[in-house]
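J.: First the structure, which I've put down as structure tokens, then a few questions once you've had a look.
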Amino acid sequence: MEYKLEVLYEDNHIIAVNKHPSDIVQGDKTGDTPLSDFVKQYIKEKYNKPGDVFVGTVHRIDRPVSGIVLFAKTSKALTRLNQMFQTKEIQKTYWAVVKNKPKNIIGTLVHYLRKNEQKNMSKAFEKETPGALRSELEYELICSSDNYQLLEVKPHTGRHHQIRVQLSSMGCPIKGDLKYGFDRSNKDKSIHLHARKVEFIHPVKKEVIVIIAPPPNEVLWNEFMKRVG
């Protein structure tokens, strides 16, 4: 299968790629080829490596979401990156195209999210609720078009569907996200949520790494890129 991998950053320890909205990061019940396999194939071909190639999956983003996914090329980097995600040493910034203008241009959202495994959805509660986990993010309105708003979102916790359900609870469902209140799907089944930037201290080289991913080449994203640019 022909697949064009968009590599955003690569060294001996880490590789960061720009995920297409339809990609799955790791294998699942669909049987579709995961992004991790395409990364292995890329490394194998680029460096002419015989046998198995090590690629460690550090984190995941939802299938309909685009943007940066980090993979480790060594077990040492994988262990350290896993620790860094757990201790919030990796700062992630997302862009979300939403339906309505938020009441406040800049804000912090705190909800308690409870995951429903059967429906693969999370529900947001305003107050502490049994089985629900505290979830926090900050957002800022950075641009508006005639019908949509572009928000920059920085999650402080990493809960299931957190950005999707929290923005929806604020009255700003993400474009294309039928699951959380948008009124119609995107033709390609994507949603307009994009992992835009990651910042962290390199686990081996100890230098500051900032990686930025361009959003998908699509009419609305392109319109916002012109306005922001």
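In the structure tokens, each chain is lettered A, B, ... as it comes, each chain's residues begin at 1, and ligands are numbered from 1 in order of appearance.
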For A:Lys92, work out the shell of residues within 8 Å, counting only C-alpha atoms and skipping chain neighbours fewer than 6 positions away, then give it as a ChimeraX atom specification.

T.: /A:154-155,195-199

J.: Export, as a PDB file, in the first residue's frame, the selected residues with N, CA and C atoms.

T.:
```pdb
ATOM      1  N   LYS A 154      -4.750  24.086  25.097  1.00  0.00           N
ATOM      2  CA  LYS A 154      -3.644  23.412  25.790  1.00  0.00           C
ATOM      3  C   LYS A 154      -4.224  22.551  26.919  1.00  0.00           C
ATOM      4  N   PRO A 155      -4.270  21.237  26.719  1.00  0.00           N
ATOM      5  CA  PRO A 155      -4.790  20.374  27.781  1.00  0.00           C
ATOM      6  C   PRO A 155      -3.775  20.229  28.911  1.00  0.00           C
ATOM      7  N   ALA A 195      -3.451  18.316  16.303  1.00  0.00           N
ATOM      8  CA  ALA A 195      -2.337  18.410  17.265  1.00  0.00           C
ATOM      9  C   ALA A 195      -1.258  19.283  16.629  1.00  0.00           C
ATOM     10  N   ARG A 196      -1.252  20.548  16.981  1.00  0.00           N
ATOM     11  CA  ARG A 196      -0.468  21.568  16.271  1.00  0.00           C
ATOM     12  C   ARG A 196       1.004  21.621  16.694  1.00  0.00           C
ATOM     13  N   LYS A 197       1.258  21.510  18.015  1.00  0.00           N
ATOM     14  CA  LYS A 197       2.629  21.751  18.478  1.00  0.00           C
ATOM     15  C   LYS A 197       2.954  20.888  19.699  1.00  0.00           C
ATOM     16  N   VAL A 198       4.194  20.415  19.789  1.00  0.00           N
ATOM     17  CA  VAL A 198       4.694  19.798  21.024  1.00  0.00           C
ATOM     18  C   VAL A 198       6.011  20.465  21.400  1.00  0.00           C
ATOM     19  N   GLU A 199       6.201  20.638  22.706  1.00  0.00           N
ATOM     20  CA  GLU A 199       7.439  21.222  23.232  1.00  0.00           C
ATOM     21  C   GLU A 199       7.920  20.360  24.393  1.00  0.00           C
TER      22      GLU A 199
END
```

J.: Using only C-alpha atoms, find the one residue out of A:Asp32, A:Tyr180, A:Ser135, A:Asn12 that sits nearest to A:Thr108.

T.: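 Smallest separation from A:Thr108 among the options: A:Ser135.
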
J.: Any chance you could list, as JSON, numbers by chain, the residues in stretch 116-163 of chain A that come up strand (DSSP E) when DSSP is run on the backbone?

T.: {"A": [116, 121, 122, 123, 124, 125, 133, 134, 135, 136, 137, 138, 139, 140, 141, 142, 143, 144, 149, 150, 151, 152, 153, 154, 155]}

J.: With a cut-off of 8 Å, could you pull out the residues of stretch 118-199 of chain A touching stretch 221-225 of chain A and give me the nearest pair of atoms for each, distance in Å to one decimal, using only C-alpha atoms, ordered by chain and ascending number, as a Markdown table?

T.:
```
| residue | atom | partner | partner_atom | distance |
| --- | --- | --- | --- | --- |
| A:Cys143 | CA | A:Phe224 | CA | 7.2 |
| A:Ser144 | CA | A:Phe224 | CA | 7.9 |
| A:Ser145 | CA | A:Phe224 | CA | 7.6 |
| A:Leu150 | CA | A:Phe224 | CA | 7.4 |
```

J.: For the contact check between stretch 95-154 of chain A and stretch 62-76 of chain A, emit one row per residue of stretch 95-154 of chain A within 12 Å, containing the shortest atom pair and the distance in Å rounded to one decimal, counting only C-alpha atoms, chain then rising number order, as CSV.

T.:
```
residue,atom,partner,partner_atom,distance
A:Trp95,CA,A:Gly67,CA,9.5
A:Ala96,CA,A:Val65,CA,9.9
A:Val97,CA,A:Val65,CA,11.7
A:Asn120,CA,A:Asp62,CA,11.2
A:Met121,CA,A:Asp62,CA,11.7
```

J.: Generate the output file for the selected residues, C-alpha atoms, as a PDB file, in the first residue's frame.

T.:
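File written: out.pdb
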```pdb
ATOM      1  CA  TRP A  95      -6.059  23.768  17.173  1.00  0.00           C
ATOM      2  CA  ALA A  96      -9.813  23.238  17.055  1.00  0.00           C
ATOM      3  CA  VAL A  97     -12.302  24.670  14.567  1.00  0.00           C
ATOM      4  CA  ASN A 120     -16.541   4.876  23.397  1.00  0.00           C
ATOM      5  CA  MET A 121     -17.588   8.288  24.663  1.00  0.00           C
TER       6      MET A 121
END
```

J.: Nearest to A:Lys123 among A:His202, A:Lys4, A:Arg159, A:Arg227, with distances taken over only C-alpha atoms: which residue is it?

T.: A:Arg159

J.: Need to verify the contact set: A:Ala77, 12 Å, only C-alpha atoms, exclusion of same-chain residues closer than 2 positions in sequence. Can you return it as a ChimeraX atom specification?

T.: /A:11-15,54-58,70-75,79-84,201-206

J.: May I have the residues from that selection written out with N, CA and C atoms, as a PDB file, in the first residue's frame?

T.:
```pdb
ATOM      1  N   ASP A  11      15.662  12.212  14.684  1.00  0.00           N
ATOM      2  CA  ASP A  11      17.068  12.043  15.033  1.00  0.00           C
ATOM      3  C   ASP A  11      17.275  10.564  15.383  1.00  0.00           C
ATOM      4  N   ASN A  12      18.353  10.251  16.062  1.00  0.00           N
ATOM      5  CA  ASN A  12      18.636   8.833  16.362  1.00  0.00           C
ATOM      6  C   ASN A  12      17.679   8.224  17.384  1.00  0.00           C
ATOM      7  N   HIS A  13      16.962   9.073  18.103  1.00  0.00           N
ATOM      8  CA  HIS A  13      16.152   8.598  19.229  1.00  0.00           C
ATOM      9  C   HIS A  13      14.649   8.743  19.019  1.00  0.00           C
ATOM     10  N   ILE A  14      14.258   9.774  18.276  1.00  0.00           N
ATOM     11  CA  ILE A  14      12.845  10.152  18.167  1.00  0.00           C
ATOM     12  C   ILE A  14      12.478  10.399  16.708  1.00  0.00           C
ATOM     13  N   ILE A  15      11.244  10.084  16.373  1.00  0.00           N
ATOM     14  CA  ILE A  15      10.696  10.508  15.079  1.00  0.00           C
ATOM     15  C   ILE A  15       9.280  11.044  15.330  1.00  0.00           C
ATOM     16  N   PHE A  54      12.878  -1.218  15.493  1.00  0.00           N
ATOM     17  CA  PHE A  54      12.209  -0.822  16.740  1.00  0.00           C
ATOM     18  C   PHE A  54      11.509   0.519  16.556  1.00  0.00           C
ATOM     19  N   VAL A  55      10.210   0.535  16.805  1.00  0.00           N
ATOM     20  CA  VAL A  55       9.441   1.779  16.864  1.00  0.00           C
ATOM     21  C   VAL A  55       8.516   1.679  18.076  1.00  0.00           C
ATOM     22  N   GLY A  56       8.703   2.550  19.045  1.00  0.00           N
ATOM     23  CA  GLY A  56       7.888   2.535  20.257  1.00  0.00           C
ATOM     24  C   GLY A  56       6.827   3.613  20.207  1.00  0.00           C
ATOM     25  N   THR A  57       5.584   3.223  20.436  1.00  0.00           N
ATOM     26  CA  THR A  57       4.475   4.186  20.441  1.00  0.00           C
ATOM     27  C   THR A  57       4.415   4.865  21.801  1.00  0.00           C
ATOM     28  N   VAL A  58       4.563   6.179  21.798  1.00  0.00           N
ATOM     29  CA  VAL A  58       4.646   6.952  23.040  1.00  0.00           C
ATOM     30  C   VAL A  58       3.262   7.426  23.489  1.00  0.00           C
ATOM     31  N   LEU A  70       4.394  11.396  18.269  1.00  0.00           N
ATOM     32  CA  LEU A  70       5.791  11.066  18.555  1.00  0.00           C
ATOM     33  C   LEU A  70       5.977   9.560  18.655  1.00  0.00           C
ATOM     34  N   PHE A  71       7.069   9.063  18.080  1.00  0.00           N
ATOM     35  CA  PHE A  71       7.465   7.673  18.247  1.00  0.00           C
ATOM     36  C   PHE A  71       8.919   7.640  18.709  1.00  0.00           C
ATOM     37  N   ALA A  72       9.258   6.602  19.474  1.00  0.00           N
ATOM     38  CA  ALA A  72      10.638   6.415  19.920  1.00  0.00           C
ATOM     39  C   ALA A  72      11.343   5.417  19.007  1.00  0.00           C
ATOM     40  N   LYS A  73      12.601   5.713  18.703  1.00  0.00           N
ATOM     41  CA  LYS A  73      13.381   4.812  17.847  1.00  0.00           C
ATOM     42  C   LYS A  73      14.293   3.889  18.664  1.00  0.00           C
ATOM     43  N   THR A  74      14.364   4.137  19.980  1.00  0.00           N
ATOM     44  CA  THR A  74      15.147   3.268  20.872  1.00  0.00           C
ATOM     45  C   THR A  74      14.333   3.002  22.133  1.00  0.00           C
ATOM     46  N   SER A  75      14.637   1.902  22.800  1.00  0.00           N
ATOM     47  CA  SER A  75      13.906   1.574  24.028  1.00  0.00           C
ATOM     48  C   SER A  75      14.213   2.586  25.132  1.00  0.00           C
ATOM     49  N   THR A  79      11.226   4.689  27.096  1.00  0.00           N
ATOM     50  CA  THR A  79      11.051   4.721  28.564  1.00  0.00           C
ATOM     51  C   THR A  79      11.010   6.155  29.073  1.00  0.00           C
ATOM     52  N   ARG A  80      11.958   6.962  28.603  1.00  0.00           N
ATOM     53  CA  ARG A  80      12.037   8.345  29.077  1.00  0.00           C
ATOM     54  C   ARG A  80      10.840   9.174  28.596  1.00  0.00           C
ATOM     55  N   LEU A  81      10.440   9.006  27.342  1.00  0.00           N
ATOM     56  CA  LEU A  81       9.289   9.758  26.824  1.00  0.00           C
ATOM     57  C   LEU A  81       7.998   9.362  27.540  1.00  0.00           C
ATOM     58  N   ASN A  82       7.845   8.082  27.828  1.00  0.00           N
ATOM     59  CA  ASN A  82       6.675   7.630  28.596  1.00  0.00           C
ATOM     60  C   ASN A  82       6.623   8.328  29.954  1.00  0.00           C
ATOM     61  N   GLN A  83       7.779   8.413  30.617  1.00  0.00           N
ATOM     62  CA  GLN A  83       7.848   9.100  31.923  1.00  0.00           C
ATOM     63  C   GLN A  83       7.486  10.574  31.756  1.00  0.00           C
ATOM     64  N   MET A  84       7.985  11.184  30.676  1.00  0.00           N
ATOM     65  CA  MET A  84       7.748  12.615  30.455  1.00  0.00           C
ATOM     66  C   MET A  84       6.279  12.915  30.204  1.00  0.00           C
ATOM     67  N   ILE A 201      11.897  18.848  26.543  1.00  0.00           N
ATOM     68  CA  ILE A 201      13.348  18.718  26.606  1.00  0.00           C
ATOM     69  C   ILE A 201      13.703  17.338  26.066  1.00  0.00           C
ATOM     70  N   HIS A 202      14.611  17.289  25.095  1.00  0.00           N
ATOM     71  CA  HIS A 202      14.978  16.013  24.472  1.00  0.00           C
ATOM     72  C   HIS A 202      15.457  15.030  25.544  1.00  0.00           C
ATOM     73  N   PRO A 203      14.913  13.799  25.552  1.00  0.00           N
ATOM     74  CA  PRO A 203      15.229  12.852  26.628  1.00  0.00           C
ATOM     75  C   PRO A 203      16.692  12.414  26.671  1.00  0.00           C
ATOM     76  N   VAL A 204      17.400  12.565  25.585  1.00  0.00           N
ATOM     77  CA  VAL A 204      18.813  12.151  25.555  1.00  0.00           C
ATOM     78  C   VAL A 204      19.740  13.358  25.392  1.00  0.00           C
ATOM     79  N   LYS A 205      19.423  14.228  24.421  1.00  0.00           N
ATOM     80  CA  LYS A 205      20.302  15.366  24.125  1.00  0.00           C
ATOM     81  C   LYS A 205      20.090  16.552  25.079  1.00  0.00           C
ATOM     82  N   LYS A 206      18.979  16.535  25.814  1.00  0.00           N
ATOM     83  CA  LYS A 206      18.664  17.553  26.822  1.00  0.00           C
ATOM     84  C   LYS A 206      18.532  18.967  26.253  1.00  0.00           C
TER      85      LYS A 206
END
```

J.: If I take atom CA of A:Gly176 and atom CA of A:Asn116, how far is one from the other in Å, to one decimal?

T.: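 If I compute the distance from atom CA of A:Gly176 to atom CA of A:Asn116, I get 20.8 Å.
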
J.: Taking 6 positions as the minimum chain separation for residues in the same chain, which residues sit within 10 Å of A:Gln26 when counting only C-alpha atoms? Answer as a PDB file with N, CA and C atoms, in the first residue's frame.

T.:
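result.pdb, freshly written:
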```
ATOM      1  N   ASP A  32      -6.896  -2.243  10.037  1.00  0.00           N
ATOM      2  CA  ASP A  32      -6.233  -1.277   9.156  1.00  0.00           C
ATOM      3  C   ASP A  32      -4.771  -1.119   9.561  1.00  0.00           C
ATOM      4  N   THR A  33      -3.922  -0.815   8.582  1.00  0.00           N
ATOM      5  CA  THR A  33      -2.495  -0.659   8.867  1.00  0.00           C
ATOM      6  C   THR A  33      -2.272   0.561   9.755  1.00  0.00           C
ATOM      7  N   PRO A  34      -1.638   0.373  10.921  1.00  0.00           N
ATOM      8  CA  PRO A  34      -1.436   1.512  11.823  1.00  0.00           C
ATOM      9  C   PRO A  34      -0.258   2.386  11.390  1.00  0.00           C
ATOM     10  N   LEU A  35      -0.268   3.602  11.874  1.00  0.00           N
ATOM     11  CA  LEU A  35       0.794   4.560  11.589  1.00  0.00           C
ATOM     12  C   LEU A  35       2.153   4.016  12.016  1.00  0.00           C
ATOM     13  N   SER A  36       2.186   3.307  13.139  1.00  0.00           N
ATOM     14  CA  SER A  36       3.453   2.747  13.635  1.00  0.00           C
ATOM     15  C   SER A  36       4.101   1.833  12.599  1.00  0.00           C
ATOM     16  N   ASP A  37       3.298   1.089  11.839  1.00  0.00           N
ATOM     17  CA  ASP A  37       3.841   0.211  10.796  1.00  0.00           C
ATOM     18  C   ASP A  37       4.433   1.012   9.642  1.00  0.00           C
ATOM     19  N   THR A  57       5.584   3.223  20.436  1.00  0.00           N
ATOM     20  CA  THR A  57       4.475   4.186  20.441  1.00  0.00           C
ATOM     21  C   THR A  57       4.415   4.865  21.801  1.00  0.00           C
ATOM     22  N   HIS A  59       2.436   7.835  22.546  1.00  0.00           N
ATOM     23  CA  HIS A  59       1.101   8.364  22.865  1.00  0.00           C
ATOM     24  C   HIS A  59       0.229   8.188  21.633  1.00  0.00           C
ATOM     25  N   ARG A  60      -1.058   8.432  21.796  1.00  0.00           N
ATOM     26  CA  ARG A  60      -1.986   8.305  20.668  1.00  0.00           C
ATOM     27  C   ARG A  60      -2.876   9.530  20.569  1.00  0.00           C
ATOM     28  N   ILE A  61      -3.378   9.769  19.362  1.00  0.00           N
ATOM     29  CA  ILE A  61      -4.461  10.746  19.207  1.00  0.00           C
ATOM     30  C   ILE A  61      -5.591  10.037  18.457  1.00  0.00           C
ATOM     31  N   ARG A  63      -8.513   8.691  16.041  1.00  0.00           N
ATOM     32  CA  ARG A  63      -8.441   8.439  14.600  1.00  0.00           C
ATOM     33  C   ARG A  63      -8.868   9.637  13.743  1.00  0.00           C
TER      34      ARG A  63
END
```

J.: If you run DSSP on the backbone here, which positions in stretch 73-128 of chain A get helix (DSSP H, G or I)? Please write them as JSON, numbers by chain.

T.: {"A": [75, 76, 77, 78, 79, 80, 81, 82, 83, 84, 85, 86]}

J.: Restricting the output to C-alpha atoms, write the selected residues as a PDB file, in the first residue's frame.

T.:
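Saved as again-v2.pdb:
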```pdb
ATOM      1  CA  SER A  75      13.906   1.574  24.028  1.00  0.00           C
ATOM      2  CA  LYS A  76      15.795   4.139  26.129  1.00  0.00           C
ATOM      3  CA  ALA A  77      13.954   7.013  24.443  1.00  0.00           C
ATOM      4  CA  LEU A  78      10.628   5.167  24.797  1.00  0.00           C
ATOM      5  CA  THR A  79      11.051   4.721  28.564  1.00  0.00           C
ATOM      6  CA  ARG A  80      12.037   8.345  29.077  1.00  0.00           C
ATOM      7  CA  LEU A  81       9.289   9.758  26.824  1.00  0.00           C
ATOM      8  CA  ASN A  82       6.675   7.630  28.596  1.00  0.00           C
ATOM      9  CA  GLN A  83       7.848   9.100  31.923  1.00  0.00           C
ATOM     10  CA  MET A  84       7.748  12.615  30.455  1.00  0.00           C
ATOM     11  CA  PHE A  85       4.153  12.203  29.319  1.00  0.00           C
ATOM     12  CA  GLN A  86       3.164  10.891  32.752  1.00  0.00           C
TER      13      GLN A  86
END
```

J.: Write out as a PDB file with C-alpha atoms, in the first residue's frame each polymer residue whose atoms come within 8 Å of A:Asp177, counting only C-alpha atoms; drop sequence neighbours fewer than 4 positions from it.

T.:
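Contents of around_18.pdb, as written:
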```
ATOM      1  CA  ARG A 164     -13.808  17.154  22.222  1.00  0.00           C
ATOM      2  CA  PRO A 173     -18.609  21.499  19.354  1.00  0.00           C
ATOM      3  CA  GLY A 181     -22.789  17.606  19.229  1.00  0.00           C
ATOM      4  CA  PHE A 182     -21.811  18.913  15.803  1.00  0.00           C
ATOM      5  CA  ASP A 183     -24.766  18.663  13.418  1.00  0.00           C
ATOM      6  CA  ARG A 184     -23.084  16.972  10.439  1.00  0.00           C
ATOM      7  CA  SER A 185     -20.007  14.916   9.710  1.00  0.00           C
ATOM      8  CA  SER A 190     -12.325  13.647  10.066  1.00  0.00           C
ATOM      9  CA  ILE A 191     -12.986  16.229  12.745  1.00  0.00           C
ATOM     10  CA  HIS A 192     -11.384  19.677  12.750  1.00  0.00           C
TER      11      HIS A 192
END
```

J.: Taking 3 positions as the minimum chain separation for residues in the same chain, which residues sit within 7 Å of A:Ile106 when counting only C-alpha atoms? Answer as JSON, numbers by chain.

T.: {"A": [139, 140, 141]}

J.: Skipping near chain neighbours, those fewer than 4 positions away, what residues fall within 12 Å of A:His111 using only C-alpha atoms, listed as a PyMOL selection string?

T.: chain A and resi 122-129+132-138+155-157+159+162-163+165-170

J.: Could you dump the residues just selected with N, CA and C atoms as a PDB file, in the first residue's frame?

T.:
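Dumped everything to out.pdb:
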```
ATOM      1  N   SER A 122     -17.040   9.953  26.313  1.00  0.00           N
ATOM      2  CA  SER A 122     -16.888  10.471  27.668  1.00  0.00           C
ATOM      3  C   SER A 122     -17.970  11.506  27.934  1.00  0.00           C
ATOM      4  N   LYS A 123     -18.416  11.548  29.173  1.00  0.00           N
ATOM      5  CA  LYS A 123     -19.428  12.523  29.568  1.00  0.00           C
ATOM      6  C   LYS A 123     -18.813  13.475  30.583  1.00  0.00           C
ATOM      7  N   ALA A 124     -19.111  14.769  30.429  1.00  0.00           N
ATOM      8  CA  ALA A 124     -18.540  15.795  31.303  1.00  0.00           C
ATOM      9  C   ALA A 124     -19.526  16.195  32.393  1.00  0.00           C
ATOM     10  N   PHE A 125     -19.020  16.283  33.607  1.00  0.00           N
ATOM     11  CA  PHE A 125     -19.812  16.743  34.757  1.00  0.00           C
ATOM     12  C   PHE A 125     -19.141  17.989  35.323  1.00  0.00           C
ATOM     13  N   GLU A 126     -19.972  18.899  35.839  1.00  0.00           N
ATOM     14  CA  GLU A 126     -19.440  20.139  36.408  1.00  0.00           C
ATOM     15  C   GLU A 126     -18.810  19.901  37.779  1.00  0.00           C
ATOM     16  N   LYS A 127     -19.332  18.905  38.486  1.00  0.00           N
ATOM     17  CA  LYS A 127     -18.835  18.645  39.847  1.00  0.00           C
ATOM     18  C   LYS A 127     -18.283  17.232  39.950  1.00  0.00           C
ATOM     19  N   GLU A 128     -17.524  16.990  41.019  1.00  0.00           N
ATOM     20  CA  GLU A 128     -16.962  15.653  41.229  1.00  0.00           C
ATOM     21  C   GLU A 128     -18.072  14.617  41.215  1.00  0.00           C
ATOM     22  N   THR A 129     -17.838  13.540  40.487  1.00  0.00           N
ATOM     23  CA  THR A 129     -18.835  12.493  40.284  1.00  0.00           C
ATOM     24  C   THR A 129     -18.138  11.143  40.388  1.00  0.00           C
ATOM     25  N   ALA A 132     -15.570   9.601  37.737  1.00  0.00           N
ATOM     26  CA  ALA A 132     -15.161  10.658  36.796  1.00  0.00           C
ATOM     27  C   ALA A 132     -13.810  11.239  37.214  1.00  0.00           C
ATOM     28  N   LEU A 133     -13.002  11.596  36.218  1.00  0.00           N
ATOM     29  CA  LEU A 133     -11.651  12.103  36.468  1.00  0.00           C
ATOM     30  C   LEU A 133     -11.589  13.600  36.173  1.00  0.00           C
ATOM     31  N   ARG A 134     -10.903  14.322  37.049  1.00  0.00           N
ATOM     32  CA  ARG A 134     -10.758  15.772  36.865  1.00  0.00           C
ATOM     33  C   ARG A 134     -10.004  16.055  35.566  1.00  0.00           C
ATOM     34  N   SER A 135     -10.538  16.974  34.769  1.00  0.00           N
ATOM     35  CA  SER A 135      -9.965  17.285  33.458  1.00  0.00           C
ATOM     36  C   SER A 135      -9.892  18.796  33.300  1.00  0.00           C
ATOM     37  N   GLU A 136      -8.732  19.255  32.873  1.00  0.00           N
ATOM     38  CA  GLU A 136      -8.534  20.706  32.765  1.00  0.00           C
ATOM     39  C   GLU A 136      -7.841  21.043  31.451  1.00  0.00           C
ATOM     40  N   LEU A 137      -8.282  22.127  30.838  1.00  0.00           N
ATOM     41  CA  LEU A 137      -7.599  22.659  29.660  1.00  0.00           C
ATOM     42  C   LEU A 137      -7.744  24.169  29.649  1.00  0.00           C
ATOM     43  N   GLU A 138      -6.846  24.827  28.923  1.00  0.00           N
ATOM     44  CA  GLU A 138      -7.013  26.263  28.685  1.00  0.00           C
ATOM     45  C   GLU A 138      -7.176  26.475  27.187  1.00  0.00           C
ATOM     46  N   PRO A 155      -4.270  21.237  26.719  1.00  0.00           N
ATOM     47  CA  PRO A 155      -4.790  20.374  27.781  1.00  0.00           C
ATOM     48  C   PRO A 155      -3.775  20.229  28.911  1.00  0.00           C
ATOM     49  N   HIS A 156      -4.251  20.286  30.153  1.00  0.00           N
ATOM     50  CA  HIS A 156      -3.376  20.068  31.310  1.00  0.00           C
ATOM     51  C   HIS A 156      -3.484  18.639  31.825  1.00  0.00           C
ATOM     52  N   THR A 157      -4.493  17.924  31.352  1.00  0.00           N
ATOM     53  CA  THR A 157      -4.651  16.511  31.690  1.00  0.00           C
ATOM     54  C   THR A 157      -4.858  15.764  30.376  1.00  0.00           C
ATOM     55  N   ARG A 159      -7.200  13.112  29.297  1.00  0.00           N
ATOM     56  CA  ARG A 159      -8.350  12.207  29.445  1.00  0.00           C
ATOM     57  C   ARG A 159      -8.913  11.781  28.086  1.00  0.00           C
ATOM     58  N   GLN A 162     -10.904  14.254  25.748  1.00  0.00           N
ATOM     59  CA  GLN A 162     -11.030  15.416  26.632  1.00  0.00           C
ATOM     60  C   GLN A 162     -11.369  16.716  25.911  1.00  0.00           C
ATOM     61  N   ILE A 163     -10.586  17.068  24.901  1.00  0.00           N
ATOM     62  CA  ILE A 163     -10.818  18.356  24.223  1.00  0.00           C
ATOM     63  C   ILE A 163     -12.185  18.360  23.554  1.00  0.00           C
ATOM     64  N   VAL A 165     -14.994  16.676  24.286  1.00  0.00           N
ATOM     65  CA  VAL A 165     -16.151  16.750  25.188  1.00  0.00           C
ATOM     66  C   VAL A 165     -16.163  18.059  25.980  1.00  0.00           C
ATOM     67  N   GLN A 166     -14.992  18.573  26.347  1.00  0.00           N
ATOM     68  CA  GLN A 166     -14.972  19.819  27.118  1.00  0.00           C
ATOM     69  C   GLN A 166     -15.392  21.026  26.269  1.00  0.00           C
ATOM     70  N   LEU A 167     -14.913  21.089  25.027  1.00  0.00           N
ATOM     71  CA  LEU A 167     -15.336  22.202  24.165  1.00  0.00           C
ATOM     72  C   LEU A 167     -16.829  22.108  23.859  1.00  0.00           C
ATOM     73  N   SER A 168     -17.310  20.892  23.646  1.00  0.00           N
ATOM     74  CA  SER A 168     -18.745  20.701  23.405  1.00  0.00           C
ATOM     75  C   SER A 168     -19.560  21.149  24.613  1.00  0.00           C
ATOM     76  N   SER A 169     -19.067  20.839  25.804  1.00  0.00           N
ATOM     77  CA  SER A 169     -19.775  21.229  27.037  1.00  0.00           C
ATOM     78  C   SER A 169     -19.816  22.744  27.206  1.00  0.00           C
ATOM     79  N   MET A 170     -18.863  23.436  26.581  1.00  0.00           N
ATOM     80  CA  MET A 170     -18.829  24.897  26.626  1.00  0.00           C
ATOM     81  C   MET A 170     -19.768  25.490  25.576  1.00  0.00           C
TER      82      MET A 170
END
```

J.: How many Å separate atom CA of A:Glu10 from atom CA of A:Leu193?

T.: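 Going from atom CA of A:Glu10 over to atom CA of A:Leu193, I get 23.8 Å.
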
J.: Provide the atom CA of A:Thr87 to atom CA of A:Ile24 distance in Å, to one decimal place.

T.: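 For atom CA of A:Thr87 relative to atom CA of A:Ile24, the distance reads 24.9 Å.
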